[in-house]
Amino acid sequence: MWWLVAAILSSVFAGLTAILAKCGIKKTDPDLATAIRTVIVLVFSWLMVFVVGSAGTITRIHSTSLLFLILSGAATGASWMCYFKARSVGDINKVVPIDKSSTVLSVLLAIICFGETEHLFIKLLSTLILGAGIILMVEKKKSSRESTDHTYIFYAIGSAVFAALTSILGKVGITGVESNLGTAIRTVVVLIMAWVMVFMKGKQSQLRHLDKKELIFLFFSGIATGASWLCYYYAIQNGVVSIVVPIDKMSILLTLAFFYFVFGEKLSKRAGVGLCLMTAGTLTMTCFG
């Protein structure tokens with residue numbers, strides 16, 4: 001059950017990523033911060049490849065596995081692009097619930113694609129509870145604008161679909177490949193797409209004005225992201241995808257706990273109920289699914 005431990009560690013490191021980003025990355029543009037962080041993830045993941053001694057196996061990777069790893073990385077990049085485009089066009093309160101549905105979609109795709117049908121009723125019930133929790137967790141705030149451009153719906157759906165495909169394609173691609181090496185390969189693709197996004201939006205000029213203190217936070221955020229990805233894809237490779245994905249999303253517990261105890265930030269009653277439902281759905285699926 002080491003894959004279960006890896007899934008929990010993935011969630012912990014993902015939570016640390018969010019904490020570091022919110023605490024120390026305030027001036028840096030989100031697209032640029034993502035691109036810089038991905039550079040650190042790439043270096044960290046390849047360092048781990050050489051540490052575990054799997055670099056020599058790269059020439060033995062089957063072409064099918066390589067293709068799916070590339071597609072998984074491309075799906076991650078495409079999800080980011082769709083998400084930020086949806087946020088730029090539509091109201092964030094409408095975009096986020098659609099984007100967050102990727103968790104539910106990932107579970108359903110795993111059941112269909114990988115035949116993870118053991119205790120199917122419990123899994124479907126847990127997924128329903130999880131989905132309800134996600135919807136409640138999204139705070140409905142007043143928007144300063146009412147967009148008449150409804151194309152955001154398609155971008156938000158695209159973000160959710162690509163995010164779900166990331167896990168499914170990654171599971172197929174990492175089969176027969178050492179998990180650290182598989183993660184490092186797909187990170188190359190993610191890096192390319194992240195920097196393509198930066199240059200497409202003309203934000204590369206901001207590199208000259210980066211805050212040095214924020215670069216330190218970006219560095220440690222990148223390390224946390226890399227550790228999260230390495231643990232996640234180890235869990236995906238060796239475990240049950242429909243269980244790993246919800247556990248990974250519970251990183252929100254660590255993030256919320258940190259901001260509650262450090263900054264006194266409290267959840268609304270609605271969000272609190274949503275968090276309880278998310279936790280209940282995830283625990284039920286983990287213990288009985």
# chains A, B, ... in the order shown; residues from 1 in each chain; ligands from 1
>>> select_by_dssp(residues="region 71-193 of chain A", states="helix (DSSP H, G or I)", output="NGL selection string")
:A and (71-89 or 92-100 or 102-114 or 120-137 or 152-173 or 179-193)
>>> closest_atom_pairs(of="region 87-205 of chain A", to="region 218-242 of chain A", cutoff="6 Å", atoms="only C-alpha atoms", output="Markdown table")
| residue | atom | partner | partner_atom | distance |
| --- | --- | --- | --- | --- |
| A:Val107 | CA | A:Ser242 | CA | 4.4 |
| A:Ala110 | CA | A:Ser242 | CA | 5.7 |
| A:Lys171 | CA | A:Gln237 | CA | 5.8 |
| A:Ser179 | CA | A:Tyr234 | CA | 5.2 |
| A:Asn180 | CA | A:Leu230 | CA | 5.9 |
>>> residues_around(residues="Val51 (chain A)", least_positions_apart="5", cutoff="12 Å", atoms="only C-alpha atoms", output="PyMOL selection string")
chain A and resi 44-46+56+180-181
>>> write_last_selection(atoms="C-alpha atoms", output="PDB file, in the first residue's frame")
ATOM      1  CA  PHE A  44      14.233  18.569  -9.397  1.00  0.00           C
ATOM      2  CA  SER A  45      12.509  15.675 -11.203  1.00  0.00           C
ATOM      3  CA  TRP A  46      15.553  14.917 -13.381  1.00  0.00           C
ATOM      4  CA  GLY A  56      19.796   4.570 -18.243  1.00  0.00           C
ATOM      5  CA  ASN A 180      10.399   9.348 -11.517  1.00  0.00           C
ATOM      6  CA  LEU A 181      11.567   9.084 -15.116  1.00  0.00           C
TER       7      LEU A 181
END
>>> closest_residue(among="A:Thr279, A:Ser72, A:Ser205, A:Thr255", to="Leu169 (chain A)", atoms="only C-alpha atoms")
A:Ser72
>>> residues_around(residues="Phe84 (chain A)", least_positions_apart="6", cutoff="12 Å", atoms="only C-alpha atoms", output="PyMOL selection string")
chain A and resi 30-31+34+77-78+90-92+95-96+99+152+155-156+158-159+194+197-198+201
>>> write_last_selection(atoms="all heavy atoms", output="compact mmCIF listing (two decimals), in the first residue's frame")
# COMPACT_ATOMS: atom_id res chain seq x y z
N PRO A 30 0.93 35.38 -12.51
CA PRO A 30 0.67 33.95 -12.33
C PRO A 30 1.25 33.08 -13.45
O PRO A 30 1.79 31.99 -13.18
CB PRO A 30 -0.86 33.88 -12.32
CG PRO A 30 -1.30 35.22 -11.84
CD PRO A 30 -0.30 36.18 -12.40
N ASP A 31 1.11 33.52 -14.71
CA ASP A 31 1.65 32.74 -15.83
C ASP A 31 3.16 32.62 -15.73
O ASP A 31 3.73 31.54 -15.95
CB ASP A 31 1.27 33.40 -17.17
CG ASP A 31 -0.21 33.32 -17.46
OD1 ASP A 31 -0.85 32.37 -16.98
OD2 ASP A 31 -0.73 34.21 -18.14
N THR A 34 4.19 30.36 -12.82
CA THR A 34 4.00 28.95 -13.19
C THR A 34 5.14 28.46 -14.06
O THR A 34 5.67 27.35 -13.86
CB THR A 34 2.66 28.76 -13.94
OG1 THR A 34 1.58 29.13 -13.07
CG2 THR A 34 2.48 27.31 -14.37
N GLY A 77 -0.73 21.20 -19.79
CA GLY A 77 -0.56 22.54 -20.36
C GLY A 77 -1.85 23.08 -20.95
O GLY A 77 -2.19 24.25 -20.77
N ALA A 78 -2.58 22.22 -21.66
CA ALA A 78 -3.84 22.64 -22.28
C ALA A 78 -4.87 23.00 -21.22
O ALA A 78 -5.64 23.96 -21.38
CB ALA A 78 -4.38 21.51 -23.16
N GLY A 90 -14.81 34.98 -18.50
CA GLY A 90 -16.02 34.84 -17.69
C GLY A 90 -15.81 35.14 -16.23
O GLY A 90 -14.70 35.39 -15.77
N ASP A 91 -16.91 35.12 -15.48
CA ASP A 91 -16.91 35.33 -14.04
C ASP A 91 -16.25 34.13 -13.36
O ASP A 91 -16.63 32.98 -13.59
CB ASP A 91 -18.36 35.49 -13.57
CG ASP A 91 -18.45 35.82 -12.09
OD1 ASP A 91 -17.41 35.77 -11.41
OD2 ASP A 91 -19.56 36.13 -11.63
N ILE A 92 -15.28 34.40 -12.48
CA ILE A 92 -14.54 33.32 -11.81
C ILE A 92 -15.47 32.40 -11.02
O ILE A 92 -15.24 31.20 -10.90
CB ILE A 92 -13.44 33.89 -10.89
CG1 ILE A 92 -12.55 32.76 -10.36
CG2 ILE A 92 -14.05 34.68 -9.75
CD1 ILE A 92 -11.35 33.23 -9.60
N VAL A 95 -16.63 29.94 -13.48
CA VAL A 95 -15.56 29.14 -14.08
C VAL A 95 -15.07 28.04 -13.13
O VAL A 95 -14.92 26.88 -13.51
CB VAL A 95 -14.37 30.03 -14.50
CG1 VAL A 95 -13.18 29.18 -14.93
CG2 VAL A 95 -14.78 30.97 -15.62
N VAL A 96 -14.84 28.43 -11.86
CA VAL A 96 -14.23 27.50 -10.90
C VAL A 96 -15.04 26.22 -10.69
O VAL A 96 -14.46 25.13 -10.70
CB VAL A 96 -13.99 28.22 -9.55
CG1 VAL A 96 -13.55 27.21 -8.48
CG2 VAL A 96 -12.91 29.28 -9.72
N ASP A 99 -14.39 23.94 -13.62
CA ASP A 99 -13.01 23.45 -13.61
C ASP A 99 -12.80 22.38 -12.53
O ASP A 99 -12.14 21.37 -12.77
CB ASP A 99 -12.06 24.62 -13.37
CG ASP A 99 -10.62 24.17 -13.20
OD1 ASP A 99 -10.02 23.72 -14.21
OD2 ASP A 99 -10.09 24.25 -12.08
N TYR A 152 -16.66 31.35 -22.28
CA TYR A 152 -15.92 30.87 -21.11
C TYR A 152 -16.35 29.46 -20.72
O TYR A 152 -15.57 28.68 -20.15
CB TYR A 152 -16.12 31.82 -19.92
CG TYR A 152 -17.46 31.68 -19.23
CD1 TYR A 152 -17.64 30.74 -18.21
CD2 TYR A 152 -18.54 32.47 -19.59
CE1 TYR A 152 -18.87 30.61 -17.58
CE2 TYR A 152 -19.75 32.34 -18.98
CZ TYR A 152 -19.93 31.41 -17.98
OH TYR A 152 -21.14 31.28 -17.36
N TYR A 155 -14.25 26.97 -22.57
CA TYR A 155 -12.88 26.94 -22.04
C TYR A 155 -12.84 26.26 -20.68
O TYR A 155 -11.91 25.49 -20.37
CB TYR A 155 -12.31 28.36 -21.94
CG TYR A 155 -12.00 28.99 -23.28
CD1 TYR A 155 -12.73 30.07 -23.75
CD2 TYR A 155 -10.96 28.50 -24.07
CE1 TYR A 155 -12.44 30.65 -24.99
CE2 TYR A 155 -10.67 29.08 -25.30
CZ TYR A 155 -11.41 30.15 -25.75
OH TYR A 155 -11.12 30.72 -26.96
N ALA A 156 -13.83 26.55 -19.84
CA ALA A 156 -13.88 25.94 -18.51
C ALA A 156 -14.08 24.43 -18.60
O ALA A 156 -13.45 23.65 -17.88
CB ALA A 156 -15.01 26.56 -17.68
N GLY A 158 -13.21 22.65 -21.18
CA GLY A 158 -11.95 22.16 -21.71
C GLY A 158 -10.91 22.00 -20.62
O GLY A 158 -10.17 21.00 -20.58
N SER A 159 -10.86 22.96 -19.68
CA SER A 159 -9.93 22.88 -18.55
C SER A 159 -10.18 21.63 -17.72
O SER A 159 -9.25 20.91 -17.35
CB SER A 159 -10.07 24.13 -17.68
OG SER A 159 -9.29 24.02 -16.52
N ALA A 194 4.14 25.87 -20.75
CA ALA A 194 4.06 26.98 -19.80
C ALA A 194 4.76 28.22 -20.34
O ALA A 194 4.25 29.35 -20.23
CB ALA A 194 4.69 26.56 -18.46
N MET A 197 2.89 29.85 -23.21
CA MET A 197 1.83 30.72 -22.69
C MET A 197 2.37 32.10 -22.33
O MET A 197 1.76 33.13 -22.61
CB MET A 197 1.18 30.07 -21.46
CG MET A 197 -0.11 30.74 -21.02
SD MET A 197 -0.77 30.05 -19.47
CE MET A 197 -0.88 28.32 -19.90
N VAL A 198 3.55 32.11 -21.70
CA VAL A 198 4.18 33.38 -21.30
C VAL A 198 4.49 34.23 -22.52
O VAL A 198 4.18 35.44 -22.56
CB VAL A 198 5.48 33.12 -20.50
CG1 VAL A 198 6.28 34.41 -20.33
CG2 VAL A 198 5.15 32.53 -19.13
N LYS A 201 1.49 35.70 -24.44
CA LYS A 201 0.88 36.86 -23.78
C LYS A 201 1.86 38.02 -23.62
O LYS A 201 1.50 39.05 -23.04
CB LYS A 201 0.34 36.43 -22.41
CG LYS A 201 -0.80 35.43 -22.49
CD LYS A 201 -1.36 35.10 -21.10
CE LYS A 201 -2.52 34.14 -21.19
NZ LYS A 201 -3.09 33.84 -19.86
>>> closest_residue(among="A:Phe154, A:Leu16, A:Arg270, A:Leu105", to="Val245 (chain A)", atoms="only C-alpha atoms")
A:Leu105
>>> residues_around(residues="region 65-69 of chain A", least_positions_apart="5", cutoff="7 Å", atoms="only C-alpha atoms", output="PDB file with N, CA and C atoms, in the first residue's frame")
ATOM      1  N   LEU A 169      -4.133   9.656 -19.056  1.00  0.00           N
ATOM      2  CA  LEU A 169      -3.028   9.485 -20.006  1.00  0.00           C
ATOM      3  C   LEU A 169      -1.727   9.171 -19.270  1.00  0.00           C
ATOM      4  N   GLY A 170      -1.540   9.816 -18.110  1.00  0.00           N
ATOM      5  CA  GLY A 170      -0.339   9.570 -17.318  1.00  0.00           C
ATOM      6  C   GLY A 170      -0.272   8.137 -16.825  1.00  0.00           C
ATOM      7  N   VAL A 172      -1.529   5.481 -18.261  1.00  0.00           N
ATOM      8  CA  VAL A 172      -1.174   4.616 -19.396  1.00  0.00           C
ATOM      9  C   VAL A 172       0.301   4.797 -19.754  1.00  0.00           C
ATOM     10  N   GLY A 173       0.747   6.056 -19.799  1.00  0.00           N
ATOM     11  CA  GLY A 173       2.119   6.337 -20.216  1.00  0.00           C
ATOM     12  C   GLY A 173       3.165   5.839 -19.245  1.00  0.00           C
ATOM     13  N   ILE A 174       2.836   5.837 -17.961  1.00  0.00           N
ATOM     14  CA  ILE A 174       3.840   5.499 -16.952  1.00  0.00           C
ATOM     15  C   ILE A 174       3.931   3.991 -16.714  1.00  0.00           C
ATOM     16  N   THR A 175       3.056   3.233 -17.371  1.00  0.00           N
ATOM     17  CA  THR A 175       3.094   1.775 -17.255  1.00  0.00           C
ATOM     18  C   THR A 175       4.400   1.240 -17.842  1.00  0.00           C
ATOM     19  N   GLY A 182       9.233   8.839 -15.710  1.00  0.00           N
ATOM     20  CA  GLY A 182       8.008   9.209 -16.415  1.00  0.00           C
ATOM     21  C   GLY A 182       7.564  10.620 -16.078  1.00  0.00           C
ATOM     22  N   ILE A 185       9.882  13.176 -17.818  1.00  0.00           N
ATOM     23  CA  ILE A 185       9.629  13.298 -19.258  1.00  0.00           C
ATOM     24  C   ILE A 185       8.411  14.171 -19.523  1.00  0.00           C
ATOM     25  N   ARG A 186       7.335  13.939 -18.798  1.00  0.00           N
ATOM     26  CA  ARG A 186       6.117  14.716 -19.040  1.00  0.00           C
ATOM     27  C   ARG A 186       6.301  16.171 -18.592  1.00  0.00           C
TER      28      ARG A 186
END
